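To keep things clear, I will list the structure first and then write my remarks on it.
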Amino acid sequence: MKAGLLSESTASPASATQSTCRHWKLHSSVQKFVGSVDFARLSFHPPPPTPPPPPPPAMASAGVACLPAVRRIAVFGGTHGNELTGVFLVKHWLKDRSEIQRPSLEVQPYLSNPAAVEKCVRYVDCDLNRTFTEENLSMPQNESMPYEVKIAQEINNLFGPKDSKNAYDLALDLHNTTSNMGNCLIVKNSKDDFTIQMIHYIKNTLSPSTCHVLVLENSAVKYGAIRTVAKHSIGLEIGPQPQGVIKANILENMRKLINSALDFTHFYNEGKEFPPCTIDVYRAFEKINYPRDSEGQITAMIHPQLQDCDWKPLKPGDPSFITLDGKTIPYNGSCTVYPAFVNEAAYYEKHLAFLLTHKETLTANGVRVAKT
């Protein structure tokens, strides 16, 4: 046995007796305390039960985003008063909304620029589809305010305010172009899963007809469009159609696009899940002006080989303009591009002969409406 250690078996009788006495005294004290307690007057409250953990958030399938319902939809026509497809359709739907009604939707057709529609001109004072900027929407009203800025503020009050939680869920803005664009959908946000899914649905519904998608996200080409007042938006641009003219085939195509967009939104609101998808798009990155002289006068026209060739490849060295004396001006870019809005009549004043775009593929998460 090591020094300094005392085992229980070797404890002295005296120390064992002392330990027993201490235990007895403690036991005696406890007995006296317990005997003095009036248990009848004590009230015992068991600890509150532990609350159950909150239920986990609703989970969608892998790669599927749960998003809010999309119920309030604005359909703008006549944003430009001489683009008559939207004017005719909105006027028709204001009289009879049965075609655009869906059980889960509140669809509001709206004639955006009535004074321009009455005069059959693009605008009265300035382009309404460029006025939805913070500066214009916050401008104090006065007698000298341009007409389109005034009605932009009215539209923002009705369908916005822009970038607010109270804004309309979706805006569909109807336009025509004199360019050979065919069916075209314009988006401002390539990361908006709901909008990309809607476009994917529209393209499949329209097949085998073609529907091009133009992304105006680059700061060099985007602008204060009326559709930006809503949380989600699509611009519908169909041509070729001359200004101040209505063509039945163009109107019918626009009608199909609108009804397809409304169908998709209704199915989404009703709980249909749309799986992840991809779409091919044309991303605009640069505006090309007409050649001009020192006084700003146009000195060359769109070359015949480029005219009516929207969405077709334009390679470095390909003809782009031709001067009045017959000289060809080639495209001097460094890579193949895909022009859009080629020789659009309304864009002469904007110094735009055509837009340059790159082709790319967008991927969107799947979507379904979040349960409330």
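Going through the structure tokens in order, the chains are called A, B, and so on, while each chain numbers its residues from 1 and the ligands are numbered from 1 in the order shown.
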
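With only C-alpha atoms taken into account, the protein and nucleic acid residues at most 9 Å from A:Leu185 (excluding it and anything under 5 positions from it in its own chain) are Ile199, Cys211, His212, Val213, Leu214, Val215, Ile234, Gly235, Leu236, Glu237 and Ile238 of chain A.
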
Can you pull out every residue from stretch 89-260 of chain A that DSSP, working from the backbone, puts in strand (DSSP E), and format the result as a PyMOL selection string? chain A and resi 106-111+170-176+182-187+211-215+232-239

Mind writing the picked residues with C-alpha atoms as a tab-separated table (two decimals), in the first residue's frame?
chain	number	residue	atom	x	y	z
A	106	GLU	CA	-57.42	40.28	-62.30
A	107	VAL	CA	-56.57	41.53	-65.80
A	108	GLN	CA	-56.77	45.25	-66.48
A	109	PRO	CA	-56.51	46.38	-70.14
A	110	TYR	CA	-55.39	49.99	-70.35
A	111	LEU	CA	-55.04	52.50	-73.19
A	170	LEU	CA	-47.22	41.64	-64.17
A	171	ALA	CA	-47.30	44.10	-67.07
A	172	LEU	CA	-47.70	43.10	-70.73
A	173	ASP	CA	-46.97	45.99	-73.09
A	174	LEU	CA	-48.12	45.66	-76.72
A	175	HIS	CA	-46.04	47.16	-79.54
A	176	ASN	CA	-45.51	46.99	-83.29
A	182	GLY	CA	-41.58	38.62	-86.38
A	183	ASN	CA	-42.81	37.65	-82.91
A	184	CYS	CA	-40.53	39.10	-80.24
A	185	LEU	CA	-40.70	39.16	-76.45
A	186	ILE	CA	-38.60	41.74	-74.59
A	187	VAL	CA	-37.36	41.16	-71.03
A	211	CYS	CA	-40.78	33.70	-81.12
A	212	HIS	CA	-37.52	35.55	-80.52
A	213	VAL	CA	-36.51	36.83	-77.09
A	214	LEU	CA	-34.62	40.10	-76.70
A	215	VAL	CA	-32.87	40.90	-73.41
A	232	HIS	CA	-42.63	41.24	-63.66
A	233	SER	CA	-42.92	42.42	-67.23
A	234	ILE	CA	-42.75	41.47	-70.89
A	235	GLY	CA	-42.77	43.74	-73.90
A	236	LEU	CA	-44.45	42.24	-76.97
A	237	GLU	CA	-43.01	43.54	-80.24
A	238	ILE	CA	-44.49	42.16	-83.46
A	239	GLY	CA	-43.77	43.15	-87.04

Could I get the residues of stretch 171-284 of chain A with an atom no further than 9 Å from an atom of stretch 80-90 of chain A, each paired with its nearest atom pair and that distance in Å to one decimal, using only C-alpha atoms, sorted by chain and residue number, as a tab-separated table?
residue	atom	partner	partner_atom	distance
A:Asp173	CA	A:Gly86	CA	8.1
A:Leu174	CA	A:Gly86	CA	5.0
A:His175	CA	A:Glu83	CA	6.1
A:Asn176	CA	A:Glu83	CA	5.3
A:Thr177	CA	A:Glu83	CA	7.8
A:Ile238	CA	A:Thr85	CA	8.9
A:Gln241	CA	A:Glu83	CA	8.3
A:Pro242	CA	A:Glu83	CA	8.1
A:Gln243	CA	A:Asn82	CA	5.4
A:Gly244	CA	A:Asn82	CA	4.7
A:Val245	CA	A:Leu84	CA	6.3
A:Ile246	CA	A:Leu84	CA	5.6
A:Lys247	CA	A:Thr85	CA	7.7
A:Ala248	CA	A:Thr85	CA	8.7
A:Ile250	CA	A:Thr85	CA	7.3
A:Leu251	CA	A:Thr85	CA	5.4
A:Met254	CA	A:Thr85	CA	7.6
A:Arg255	CA	A:Leu89	CA	7.9

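Contact shell of stretch 162-164 of chain A at 10 Å (only C-alpha atoms; same-chain neighbours under 4 positions omitted): Phe132, Thr133, Glu134, Leu137, Ile155, Asn156, Asn157, Tyr168, Ile226, Arg227, Thr228, Val229, Ala230 and Lys231 of chain A.
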
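In this comparison, which uses only C-alpha atoms, the residue of A:Asn259, A:Leu355, A:Val124, A:Lys188 approaching A:Ser98 most closely is A:Asn259.
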
Atom pair atom CA of A:Ser190 + atom CA of A:Ile279, distance 10.5 Å

Quick one: residues within 8 Å of stretch 337-339 of chain A, only C-alpha atoms counted, chain neighbours fewer than 4 positions away excluded, as a ChimeraX atom specification? /A:282,309-315,354-359

Tell me which of A:Cys335, A:Ser320, A:Phe341, A:Gly271 sits closest to A:Lys287, counting only C-alpha atoms. A:Phe341

Do a neighbour search on A:Asp318 at 9 Å with only C-alpha atoms, toss out local chain neighbours closer than 6 positions, and write the hits as a PyMOL selection string. chain A and resi 305-306+329-332

Which is closest to A:Lys222 among A:Asn129, A:Ser179, A:Asn136, A:Thr372, if we use only C-alpha atoms?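 Checking each candidate against A:Lys222, we get A:Asn129 as the closest.
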